[in-house]
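**Student:** Enclosed is the structure file run09.csv (CSV, C-alpha atoms).
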chain,number,residue,atom,x,y,z
A,1,MET,CA,-11.0,-22.1,-16.9
A,2,LYS,CA,-13.8,-23.1,-14.6
A,3,THR,CA,-11.4,-23.1,-11.6
A,4,ILE,CA,-10.3,-19.5,-12.5
A,5,LEU,CA,-13.7,-18.1,-13.4
A,6,SER,CA,-15.8,-19.9,-10.8
A,7,THR,CA,-19.5,-19.2,-10.3
A,8,LYS,CA,-18.6,-17.4,-7.0
A,9,THR,CA,-16.0,-15.2,-8.7
A,10,ILE,CA,-18.4,-14.3,-11.6
A,11,ILE,CA,-21.3,-13.5,-9.2
A,12,ARG,CA,-19.0,-11.4,-7.0
A,13,LEU,CA,-17.6,-9.5,-10.0
A,14,ILE,CA,-21.0,-8.8,-11.6
A,15,THR,CA,-22.6,-7.7,-8.3
A,16,ILE,CA,-19.7,-5.3,-7.5
A,17,TRP,CA,-19.7,-3.7,-10.9
A,18,ILE,CA,-23.5,-3.3,-11.0
A,19,ILE,CA,-23.3,-1.3,-7.8
A,20,VAL,CA,-20.3,0.7,-9.0
A,21,ILE,CA,-22.0,1.6,-12.3
A,22,GLY,CA,-25.3,2.3,-10.5
A,23,LEU,CA,-23.7,4.7,-8.1
A,24,MET,CA,-21.7,6.4,-10.8
A,25,LEU,CA,-24.8,6.9,-13.0
A,26,PHE,CA,-26.7,8.4,-10.1
A,27,ASP,CA,-23.8,10.3,-8.7
A,28,GLN,CA,-25.4,13.7,-9.1
A,29,GLN,CA,-28.6,12.7,-7.4
A,30,ILE,CA,-27.0,10.8,-4.5
A,31,PHE,CA,-23.7,12.6,-3.7
A,32,LYS,CA,-24.4,16.1,-4.8
A,33,THR,CA,-27.3,16.6,-2.5
A,34,THR,CA,-27.6,17.1,1.2
A,35,PHE,CA,-27.5,13.8,3.1
A,36,SER,CA,-29.9,12.9,5.9
A,37,PRO,CA,-28.3,10.8,8.7
A,38,VAL,CA,-30.3,7.7,7.6
A,39,SER,CA,-29.4,8.0,3.9
A,40,ALA,CA,-25.7,8.6,4.8
A,41,ILE,CA,-25.6,5.5,7.0
A,42,THR,CA,-27.4,3.4,4.3
A,43,ILE,CA,-25.0,4.6,1.5
A,44,PHE,CA,-22.0,4.1,3.8
A,45,ILE,CA,-23.0,0.5,4.5
A,46,ILE,CA,-23.6,-0.2,0.8
A,47,LEU,CA,-20.2,1.3,-0.1
A,48,LEU,CA,-18.3,-0.5,2.7
A,49,ALA,CA,-19.9,-3.9,1.9
A,50,THR,CA,-19.0,-3.5,-1.8
A,51,ILE,CA,-15.5,-2.4,-1.1
A,52,LEU,CA,-14.9,-5.3,1.4
A,53,THR,CA,-16.4,-7.8,-1.1
A,54,ALA,CA,-14.0,-6.5,-3.8
A,55,SER,CA,-11.1,-6.6,-1.3
A,56,PHE,CA,-11.6,-10.3,-0.6
A,57,GLY,CA,-11.7,-10.9,-4.3
A,58,VAL,CA,-8.4,-9.1,-4.7
A,59,VAL,CA,-6.9,-11.2,-1.9
A,60,LYS,CA,-8.0,-14.4,-3.6
A,61,GLU,CA,-6.5,-13.4,-7.0
A,62,ALA,CA,-3.3,-12.0,-5.4
A,63,ASP,CA,-2.8,-15.3,-3.5
A,64,GLU,CA,-3.2,-17.3,-6.7
A,65,LEU,CA,-0.8,-15.1,-8.6
A,66,ALA,CA,1.8,-15.2,-5.8
A,67,HIS,CA,1.8,-19.0,-5.9
A,68,LYS,CA,2.0,-19.0,-9.7
A,69,LEU,CA,4.7,-16.4,-10.0
A,70,GLY,CA,6.6,-16.8,-6.8
A,71,GLU,CA,8.1,-14.0,-4.8
A,72,PRO,CA,8.6,-11.1,-5.2
A,73,PHE,CA,6.6,-11.1,-8.5
A,74,GLY,CA,3.3,-12.0,-7.0
A,75,THR,CA,3.2,-9.3,-4.3
A,76,LEU,CA,4.7,-6.7,-6.6
A,77,ILE,CA,1.7,-7.0,-9.0
A,78,LEU,CA,-0.7,-6.4,-6.2
A,79,THR,CA,1.4,-3.5,-4.8
A,80,LEU,CA,1.9,-1.7,-8.1
A,81,SER,CA,-1.7,-2.1,-9.1
A,82,ILE,CA,-3.1,-0.4,-5.9
A,83,VAL,CA,-0.4,2.3,-5.7
A,84,THR,CA,-0.7,3.2,-9.4
A,85,ILE,CA,-4.4,3.7,-9.1
A,86,GLU,CA,-3.9,5.7,-5.9
A,87,VAL,CA,-1.5,8.0,-7.7
A,88,VAL,CA,-4.1,8.5,-10.5
A,89,LEU,CA,-6.6,9.6,-7.8
A,90,ILE,CA,-4.1,12.0,-6.2
A,91,ALA,CA,-3.3,13.5,-9.7
A,92,ALA,CA,-7.1,13.9,-10.3
A,93,VAL,CA,-7.5,15.8,-7.1
A,94,MET,CA,-4.6,18.1,-8.0
A,95,LEU,CA,-6.0,18.7,-11.5
A,96,GLY,CA,-9.3,19.8,-9.9
A,97,PRO,CA,-10.4,23.4,-9.4
A,98,ALA,CA,-9.5,23.4,-5.7
A,99,GLU,CA,-5.9,24.0,-4.6
A,100,SER,CA,-4.5,20.9,-2.8
A,101,PRO,CA,-0.8,21.7,-2.3
A,102,THR,CA,-0.3,19.1,0.5
A,103,ILE,CA,-2.3,16.2,-1.0
A,104,GLY,CA,0.8,14.2,-2.0
A,105,LYS,CA,2.5,14.7,1.3
A,106,ASP,CA,-0.7,13.9,3.3
A,107,SER,CA,-1.3,10.7,1.3
A,108,ILE,CA,2.3,9.4,1.5
A,109,PHE,CA,2.5,10.1,5.3
A,110,SER,CA,-0.9,8.4,6.0
A,111,VAL,CA,0.2,5.4,4.0
A,112,MET,CA,3.5,5.2,6.0
A,113,MET,CA,1.7,5.3,9.4
A,114,ILE,CA,-1.0,2.8,8.4
A,115,ILE,CA,1.2,0.3,6.5
A,116,MET,CA,4.4,0.5,8.5
A,117,ASN,CA,2.8,0.7,12.0
A,118,LEU,CA,-0.8,-0.6,12.0
A,119,VAL,CA,-0.5,-3.4,9.4
A,120,VAL,CA,3.1,-4.4,10.3
A,121,GLY,CA,2.1,-4.4,13.9
A,122,LEU,CA,-0.9,-6.7,13.2
A,123,CYS,CA,1.3,-9.0,11.0
A,124,ILE,CA,3.9,-9.4,13.8
A,125,LEU,CA,1.4,-9.8,16.6
A,126,LEU,CA,-1.0,-12.2,14.8
A,127,GLY,CA,1.8,-14.2,13.2
A,128,SER,CA,3.6,-14.5,16.5
A,129,ALA,CA,0.4,-15.6,18.2
A,130,LYS,CA,0.4,-18.7,15.9
A,131,TYR,CA,4.1,-19.4,15.3
A,132,LYS,CA,5.8,-17.5,18.2
A,133,GLU,CA,9.0,-16.3,16.4
A,134,GLN,CA,8.8,-15.8,12.6
A,135,GLU,CA,11.7,-15.6,10.2
A,136,TYR,CA,12.3,-13.4,7.2
A,137,ASN,CA,15.0,-12.5,4.7
A,138,ALA,CA,17.1,-9.9,6.5
A,139,GLN,CA,19.0,-8.6,3.5
A,140,GLY,CA,16.0,-7.9,1.4
A,141,THR,CA,14.1,-6.4,4.3
A,142,LEU,CA,17.0,-3.9,5.0
A,143,SER,CA,17.0,-2.9,1.3
A,144,TYR,CA,13.5,-1.6,1.7
A,145,PHE,CA,14.6,0.6,4.5
A,146,SER,CA,17.5,2.0,2.4
A,147,MET,CA,14.9,2.9,-0.2
A,148,ILE,CA,12.7,4.5,2.4
A,149,VAL,CA,15.6,6.6,3.7
A,150,ILE,CA,16.7,7.9,0.3
A,151,LEU,CA,13.2,8.4,-1.2
A,152,GLY,CA,11.2,9.3,1.9
A,153,ALA,CA,13.8,11.7,3.5
A,154,THR,CA,14.7,13.4,0.2
A,155,SER,CA,11.1,14.2,-0.7
A,156,LEU,CA,9.5,14.7,2.8
A,157,LEU,CA,12.2,15.9,5.1
A,158,LEU,CA,14.6,17.8,2.9
A,159,PRO,CA,12.1,20.5,1.7
A,160,ASN,CA,11.9,21.9,5.2
A,161,PHE,CA,15.6,22.5,5.5
A,162,ILE,CA,16.5,24.1,2.1
A,163,GLN,CA,15.9,27.5,0.7
A,164,GLY,CA,14.0,26.1,-2.3
A,165,ALA,CA,11.1,28.2,-3.6
A,166,GLY,CA,10.1,29.1,0.0
A,167,ASN,CA,7.7,27.6,2.5
A,168,GLY,CA,9.0,24.1,1.9
A,169,ALA,CA,8.4,24.0,-1.9
A,170,PHE,CA,11.0,22.9,-4.4
A,171,THR,CA,12.3,25.2,-7.2
A,172,THR,CA,11.6,24.1,-10.7
A,173,LEU,CA,15.2,22.8,-11.1
A,174,GLN,CA,15.0,21.0,-7.8
A,175,ALA,CA,11.6,19.5,-8.7
A,176,ILE,CA,12.9,18.2,-12.0
A,177,PHE,CA,16.1,16.8,-10.4
A,178,ILE,CA,14.4,15.2,-7.4
A,179,SER,CA,11.7,13.6,-9.7
A,180,THR,CA,14.2,12.2,-12.1
A,181,LEU,CA,16.4,10.9,-9.3
A,182,ILE,CA,13.5,9.2,-7.5
A,183,ILE,CA,12.3,7.6,-10.8
A,184,LEU,CA,15.8,6.3,-11.7
A,185,VAL,CA,16.5,4.9,-8.2
A,186,TYR,CA,13.0,3.3,-8.0
A,187,ILE,CA,13.5,1.7,-11.5
A,188,ALA,CA,16.9,0.4,-10.5
A,189,PHE,CA,15.4,-1.1,-7.3
A,190,LEU,CA,12.7,-2.9,-9.2
A,191,TYR,CA,15.2,-4.1,-11.8
A,192,TYR,CA,17.5,-5.7,-9.3
A,193,GLN,CA,14.5,-7.0,-7.2
A,194,LEU,CA,13.1,-8.8,-10.2
A,195,LYS,CA,16.3,-9.8,-12.0
A,196,GLY,CA,19.6,-10.8,-10.3
A,197,TYR,CA,18.6,-10.4,-6.7
A,198,SER,CA,15.1,-11.8,-6.4
A,199,HIS,CA,16.5,-14.3,-3.8
A,200,LEU,CA,16.6,-11.4,-1.3
A,201,TYR,CA,12.8,-11.2,-1.3
A,202,ILE,CA,11.7,-14.8,-0.9
A,203,GLN,CA,11.2,-16.7,2.4
A,204,PRO,CA,14.4,-18.4,3.5
A,205,ALA,CA,14.5,-21.9,4.7
A,206,LYS,CA,13.7,-22.5,8.4
A,207,GLY,CA,16.5,-21.6,10.7
A,208,ASN,CA,18.0,-19.0,8.2
A,209,LEU,CA,17.6,-15.3,7.9
A,210,GLU,CA,19.1,-15.1,4.4
A,211,ILE,CA,19.5,-16.9,1.1
A,212,GLN,CA,23.0,-17.1,-0.3
A,213,TYR,CA,23.5,-15.8,-3.8
A,214,PRO,CA,22.7,-17.3,-6.3
A,215,SER,CA,20.5,-19.9,-4.5
A,216,GLN,CA,17.1,-18.4,-5.2
A,217,ILE,CA,14.2,-20.7,-5.9
A,218,GLN,CA,15.6,-23.8,-4.2
A,219,ASN,CA,15.2,-22.4,-0.7
A,220,SER,CA,11.9,-20.6,-1.3
A,221,VAL,CA,8.7,-21.6,0.6
A,222,ASN,CA,6.9,-21.4,-2.7
A,223,LYS,CA,7.6,-25.0,-3.5
A,224,ASP,CA,4.1,-25.5,-4.7
A,225,ALA,CA,4.7,-23.0,-7.6
A,226,PRO,CA,4.6,-24.8,-10.9
A,227,LYS,CA,7.7,-25.2,-12.9
A,228,SER,CA,6.0,-24.3,-16.2
A,229,GLN,CA,3.8,-21.3,-15.6
A,230,ASP,CA,0.4,-21.2,-17.3
A,231,LYS,CA,0.7,-17.8,-19.0
A,232,LYS,CA,-3.0,-17.8,-20.0
A,233,GLU,CA,-4.1,-18.3,-16.4
A,234,ILE,CA,-1.7,-15.6,-15.1
A,235,TRP,CA,-3.1,-13.1,-17.6
A,236,ILE,CA,-6.7,-13.9,-16.7
A,237,ARG,CA,-6.0,-13.7,-13.0
A,238,SER,CA,-4.1,-10.4,-13.5
A,239,ALA,CA,-7.2,-9.0,-15.3
A,240,LEU,CA,-9.5,-10.2,-12.5
A,241,LEU,CA,-7.2,-8.6,-10.0
A,242,ILE,CA,-7.5,-5.2,-11.8
A,243,LEU,CA,-11.3,-5.6,-12.1
A,244,MET,CA,-11.5,-6.2,-8.4
A,245,ILE,CA,-9.2,-3.3,-7.5
A,246,LEU,CA,-10.8,-0.7,-9.7
A,247,PRO,CA,-14.1,-0.7,-7.8
A,248,ILE,CA,-12.3,0.0,-4.5
A,249,VAL,CA,-10.6,3.0,-6.0
A,250,LEU,CA,-13.6,4.3,-7.9
A,251,LEU,CA,-15.8,4.1,-4.8
A,252,SER,CA,-13.2,5.6,-2.5
A,253,HIS,CA,-14.1,9.1,-3.7
A,254,GLN,CA,-17.8,8.5,-3.0
A,255,MET,CA,-16.9,7.0,0.3
A,256,ALA,CA,-14.9,10.1,1.1
A,257,VAL,CA,-18.0,12.3,0.5
A,258,VAL,CA,-20.0,10.2,2.9
A,259,VAL,CA,-17.2,10.1,5.5
A,260,ASP,CA,-16.6,13.8,5.2
A,261,TYR,CA,-20.3,14.3,5.9
A,262,GLY,CA,-20.1,12.1,9.0
A,263,ILE,CA,-17.0,13.8,10.2
A,264,ALA,CA,-18.5,17.3,9.8
A,265,THR,CA,-21.8,16.2,11.5
A,266,ALA,CA,-20.0,14.5,14.4
A,267,LYS,CA,-17.4,17.3,14.5
A,268,LEU,CA,-14.4,14.9,14.2
A,269,PRO,CA,-10.9,15.9,13.0
A,270,ILE,CA,-10.8,16.6,9.2
A,271,ALA,CA,-7.6,14.5,8.8
A,272,LEU,CA,-9.6,11.4,9.8
A,273,GLY,CA,-11.3,11.3,6.4
A,274,GLY,CA,-8.1,10.9,4.6
A,275,ILE,CA,-6.9,8.3,7.0
A,276,LEU,CA,-10.1,6.2,6.6
A,277,ILE,CA,-9.9,6.4,2.8
A,278,ALA,CA,-6.2,5.4,2.8
A,279,ILE,CA,-7.2,2.4,5.0
A,280,ILE,CA,-10.0,1.4,2.7
A,281,VAL,CA,-7.8,1.7,-0.5
A,282,PHE,CA,-5.1,-0.4,1.0
A,283,THR,CA,-7.5,-2.9,2.6
A,284,PRO,CA,-6.7,-5.7,0.0
A,285,GLU,CA,-3.0,-5.4,0.6
A,286,SER,CA,-3.4,-5.2,4.3
A,287,ILE,CA,-5.6,-8.4,4.4
A,288,THR,CA,-3.1,-10.2,2.2
A,289,ALA,CA,-0.2,-9.2,4.4
A,290,VAL,CA,-1.9,-10.4,7.6
A,291,LYS,CA,-3.0,-13.6,5.9
A,292,ALA,CA,0.6,-14.2,4.8
A,293,ALA,CA,1.9,-13.7,8.3
A,294,ARG,CA,-0.7,-16.2,9.6
A,295,ASN,CA,0.5,-18.7,6.9
A,296,ASN,CA,4.1,-18.3,8.2
A,297,GLU,CA,5.2,-16.5,5.1
A,298,PHE,CA,6.4,-13.4,6.9
A,299,GLN,CA,8.7,-12.2,4.1
A,300,ARG,CA,5.7,-11.9,1.9
A,301,SER,CA,4.1,-9.6,4.5
A,302,ILE,CA,7.3,-7.5,4.5
A,303,ASN,CA,7.2,-7.3,0.7
A,304,LEU,CA,3.7,-6.1,0.7
A,305,CYS,CA,4.0,-3.6,3.6
A,306,HIS,CA,7.4,-2.0,3.0
A,307,GLY,CA,7.1,-2.5,-0.8
A,308,ALA,CA,3.8,-0.6,-0.7
A,309,PHE,CA,5.4,2.4,1.0
A,310,VAL,CA,8.5,2.4,-1.3
A,311,SER,CA,6.2,2.2,-4.3
A,312,THR,CA,3.9,5.0,-2.9
A,313,VAL,CA,6.9,7.4,-2.6
A,314,GLY,CA,8.5,6.2,-5.8
A,315,LEU,CA,5.4,6.9,-7.9
A,316,THR,CA,3.6,9.6,-6.0
A,317,VAL,CA,6.4,12.2,-5.6
A,318,PRO,CA,7.3,12.3,-9.3
A,319,ALA,CA,3.6,12.4,-10.2
A,320,VAL,CA,2.7,15.3,-8.0
A,321,LEU,CA,5.8,17.3,-8.9
A,322,LEU,CA,5.2,16.7,-12.6
A,323,VAL,CA,1.6,17.8,-12.3
A,324,GLY,CA,2.7,20.8,-10.3
A,325,LEU,CA,5.3,21.8,-13.0
A,326,LEU,CA,2.9,21.2,-16.0
A,327,LYS,CA,-0.2,22.9,-14.5
A,328,GLY,CA,1.5,25.5,-12.3
A,329,LYS,CA,0.1,23.9,-9.1
A,330,LEU,CA,1.8,24.6,-5.8
A,331,VAL,CA,3.2,21.3,-4.3
A,332,LEU,CA,4.3,21.2,-0.7
A,333,LEU,CA,5.9,18.0,0.3
A,334,GLY,CA,7.6,19.0,3.6
A,335,LEU,CA,6.3,17.3,6.7
A,336,THR,CA,5.1,19.3,9.7
A,337,GLY,CA,7.1,19.2,12.9
A,338,THR,CA,4.9,16.5,14.4
A,339,GLU,CA,4.9,14.5,11.3
A,340,THR,CA,8.7,14.7,11.1
A,341,VAL,CA,9.0,13.2,14.6
A,342,LEU,CA,6.5,10.4,13.8
A,343,PHE,CA,8.3,9.7,10.5
A,344,THR,CA,11.7,9.4,12.3
A,345,MET,CA,10.2,7.3,15.1
A,346,THR,CA,8.6,4.9,12.5
A,347,LEU,CA,11.8,4.6,10.6
A,348,LEU,CA,14.0,3.9,13.7
A,349,LEU,CA,11.4,1.5,15.2
A,350,SER,CA,11.2,-0.4,11.9
A,351,LEU,CA,15.0,-0.7,11.6
A,352,ILE,CA,15.2,-2.0,15.2
A,353,SER,CA,12.4,-4.4,14.6
A,354,PHE,CA,14.0,-6.0,11.5
A,355,LEU,CA,17.7,-5.9,12.1
A,356,GLY,CA,18.2,-9.5,11.3
A,357,LYS,CA,16.2,-10.8,14.3
A,358,ARG,CA,13.1,-13.0,14.4
A,359,THR,CA,9.8,-11.3,15.1
A,360,THR,CA,8.4,-11.3,18.7
A,361,PRO,CA,4.9,-10.2,19.9
A,362,ILE,CA,6.2,-7.2,21.8
A,363,LEU,CA,7.5,-5.7,18.5
A,364,GLY,CA,4.0,-5.8,17.1
A,365,ILE,CA,2.6,-4.2,20.2
A,366,ILE,CA,5.1,-1.4,20.0
A,367,HIS,CA,4.2,-0.7,16.3
A,368,LEU,CA,0.6,-0.6,17.2
A,369,ALA,CA,1.3,1.7,20.1
A,370,LEU,CA,3.0,4.2,17.7
A,371,PHE,CA,0.0,4.1,15.5
A,372,ALA,CA,-2.2,4.8,18.5
A,373,VAL,CA,0.0,7.9,19.2
A,374,TYR,CA,-0.5,9.0,15.6
A,375,MET,CA,-4.3,8.6,15.9
A,376,MET,CA,-4.3,10.4,19.3
A,377,LEU,CA,-2.5,13.4,17.7
A,378,VAL,CA,-5.1,13.4,14.9
A,379,PHE,CA,-7.8,13.9,17.4
A,380,ASN,CA,-5.8,16.1,19.8
A,381,PRO,CA,-2.8,17.7,18.1
Using structure tokens, write down the structure from this file.
**Tutor:**
Amino acid sequence: MKTILSTKTIIRLITIWIIVIGLMLFDQQIFKTTFSPVSAITIFIILLATILTASFGVVKEADELAHKLGEPFGTLILTLSIVTIEVVLIAAVMLGPAESPTIGKDSIFSVMMIIMNLVVGLCILLGSAKYKEQEYNAQGTLSYFSMIVILGATSLLLPNFIQGAGNGAFTTLQAIFISTLIILVYIAFLYYQLKGYSHLYIQPAKGNLEIQYPSQIQNSVNKDAPKSQDKKEIWIRSALLILMILPIVLLSHQMAVVVDYGIATAKLPIALGGILIAIIVFTPESITAVKAARNNEFQRSINLCHGAFVSTVGLTVPAVLLVGLLKGKLVLLGLTGTETVLFTMTLLLSLISFLGKRTTPILGIIHLALFAVYMMLVFNP
């Protein structure tokens, strides 16, 4: 128990939650008034420091769980925890008084560009800098792209090319059908990923790009995972993981208020606020993915990055469509012309990067270049 709840972990957790509770108690006084530049910078530093502290705590617990549970169970816990809470935030925004018809689409697209270009690019580049070429499980990696095509294209590209309810919105029947289909496909994907085909999502032995069925655990790099899992430790670490993730999500709204003030004051693009918040929310997952690449566990990086986007679409689209149907809210999921081109470029580049070949530094640079194009278009559309 002492190794799990170390003094450092307890101090970190108590400090984070004292700040979170304090900021929530004085939310009206701090965030509902006009900021001064000095107060905005001070609050921003406090929020950023708290979020980063929590992020490193998340990374620590996620690493321990990954070693205890093995892949893909370890990374899936981290991914689903973050994405589920993100979905709750999006639903909360939709249920608010203001109309936010594109909140779901904007969130999904931001996550795609950040995770599949910025984070993947960093993983490839930093991993290659240490190990030159890195290997991964080609079959499992391509299955993620199949999910991205069916879920992403159906929900984000299709609305712009059908009659629907007009202006890129689904009709009631279409919304029910699409939501049900996405949920069923996503559940089926998780079932096969965790049950009979988990060998597709673990790191293959050196010199291989796949693991033959049914050879699963024998060839995994997780040889240090214990044969008899300590269920008590797993439950405690899972609880700690949630307790570290929640402050990031709870503070992300307050961070958004401060960031929006800074953007308005500096006259920066409005879309930058959503991008910064998405980066902050997915910081734990991003740090864990880069760390895995630096540890030569590139398949884990892939599970985190591509799994995060698949989970984002699989959970966000049904959620926003359901809220729209129940509360009569307008939901627009269709991408703009520019976003459609960037979506297609990202998907094609990802397929080329992971078509059963080992990673090389130039692939990382290309992904980062595409993210740079995306950011340029944010500032100069």
**Student:** From the options A:Lys291, A:His199, A:Arg12, A:Lys267, which residue's atoms come nearest to Gly70 of chain A, counting only C-alpha atoms?
**Tutor:**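 Distance minimum relative to Gly70 of chain A lands on A:His199.
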**Student:** Which is closest to Phe371 of chain A among A:Leu243, A:Leu23, A:Ile10, A:Met345, if we use only C-alpha atoms?
**Tutor:** A:Met345
**Student:** Show me as a PyMOL selection string the residues that reach within 12 Å of (-18.8, 4.1, 1.0), counting only C-alpha atoms and using the file's own coordinates.
**Tutor:** chain A and resi 19-20+23+30-31+39-52+247-262+273+276-277+280-281
**Student:** Could you list, as a ChimeraX atom specification, every residue within 10 Å of Leu118 of chain A, counting all atoms listed in the file and ignoring same-chain residues fewer than 4 positions away?
**Tutor:** /A:112-114,122-123,279,286,364-372
**Student:** Export C-alpha atoms of the chosen residues as a compact mmCIF listing (two decimals), keeping the file's coordinate frame?
**Tutor:**
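Listing of result02.txt after writing:
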# COMPACT_ATOMS: atom_id res chain seq x y z
CA MET A 112 3.50 5.20 6.00
CA MET A 113 1.70 5.30 9.40
CA ILE A 114 -1.00 2.80 8.40
CA LEU A 122 -0.90 -6.70 13.20
CA CYS A 123 1.30 -9.00 11.00
CA ILE A 279 -7.20 2.40 5.00
CA SER A 286 -3.40 -5.20 4.30
CA GLY A 364 4.00 -5.80 17.10
CA ILE A 365 2.60 -4.20 20.20
CA ILE A 366 5.10 -1.40 20.00
CA HIS A 367 4.20 -0.70 16.30
CA LEU A 368 0.60 -0.60 17.20
CA ALA A 369 1.30 1.70 20.10
CA LEU A 370 3.00 4.20 17.70
CA PHE A 371 0.00 4.10 15.50
CA ALA A 372 -2.20 4.80 18.50
**Student:** One decimal, Å: what's the distance from atom CA of Leu200 of chain A over to atom CA of Leu78 of chain A, could you say?
**Tutor:**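 Here the two named atoms are 18.7 Å from each other.
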**Student:** Distance cut-off 12 Å, centre (13.6, -5.5, -7.2) in file coordinates, counting all atoms listed in the file: which residues qualify? Return them as a VMD selection string.
**Tutor:** chain A and resid 71 to 73 75 to 76 140 to 141 143 to 144 147 185 to 202 303 307 310 to 311
**Student:** I want to know what sits within 12 Å of Ile236 of chain A, based on only C-alpha atoms, with residues of the same chain fewer than 3 positions away left out; could you give that as a tab-separated table (two decimals) with C-alpha atoms, in the frame of the given file?
**Tutor:**
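Resulting contents of part.tsv:
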chain	number	residue	atom	x	y	z
A	1	MET	CA	-11.00	-22.10	-16.90
A	2	LYS	CA	-13.80	-23.10	-14.60
A	3	THR	CA	-11.40	-23.10	-11.60
A	4	ILE	CA	-10.30	-19.50	-12.50
A	5	LEU	CA	-13.70	-18.10	-13.40
A	61	GLU	CA	-6.50	-13.40	-7.00
A	62	ALA	CA	-3.30	-12.00	-5.40
A	64	GLU	CA	-3.20	-17.30	-6.70
A	65	LEU	CA	-0.80	-15.10	-8.60
A	230	ASP	CA	0.40	-21.20	-17.30
A	231	LYS	CA	0.70	-17.80	-19.00
A	232	LYS	CA	-3.00	-17.80	-20.00
A	233	GLU	CA	-4.10	-18.30	-16.40
A	239	ALA	CA	-7.20	-9.00	-15.30
A	240	LEU	CA	-9.50	-10.20	-12.50
A	241	LEU	CA	-7.20	-8.60	-10.00
A	242	ILE	CA	-7.50	-5.20	-11.80
A	243	LEU	CA	-11.30	-5.60	-12.10
**Student:** Please indicate the distance in Å from atom CA of Leu173 of chain A to atom CA of Leu156 of chain A, rounded to one decimal place.
**Tutor:**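 Interatomic distance here is 17.1 Å.
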**Student:** Can you work out which one of A:Pro361, A:Gly337, A:Gly324, A:Pro284 has the shortest atom-to-atom distance to Gly104 of chain A, counting all atoms listed in the file?
**Tutor:**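 Counting all atoms listed in the file, the residue closest to Gly104 of chain A is A:Gly324.
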**Student:** Rank A:Ile352, A:Leu315, A:Arg358, A:Leu377 by their smallest atom-to-atom distance to Gly152 of chain A, using all atoms listed in the file, and report the top residue only.
**Tutor:**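 Selected residue with least distance to Gly152 of chain A: A:Leu315.
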**Student:** Mind checking which residues fall within 8 Å of Ile115 of chain A, counting all atoms listed in the file, ignoring those fewer than 6 positions away in the same chain, and posting them as a list in words?
**Tutor:** Ser286, Cys305, His306, Ala308 and Phe309 of chain A
**Student:** Between A:Ile77, A:Ile182, A:Ile150, A:Leu157, which has the minimum distance to Thr340 of chain A (counting only C-alpha atoms)?
**Tutor:** A:Leu157
**Student:** Atom CA of Lys105 of chain A and atom CA of Pro159 of chain A are how many Å apart?
**Tutor:**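 Between atom CA of Lys105 of chain A and atom CA of Pro159 of chain A the gap works out to 11.2 Å.
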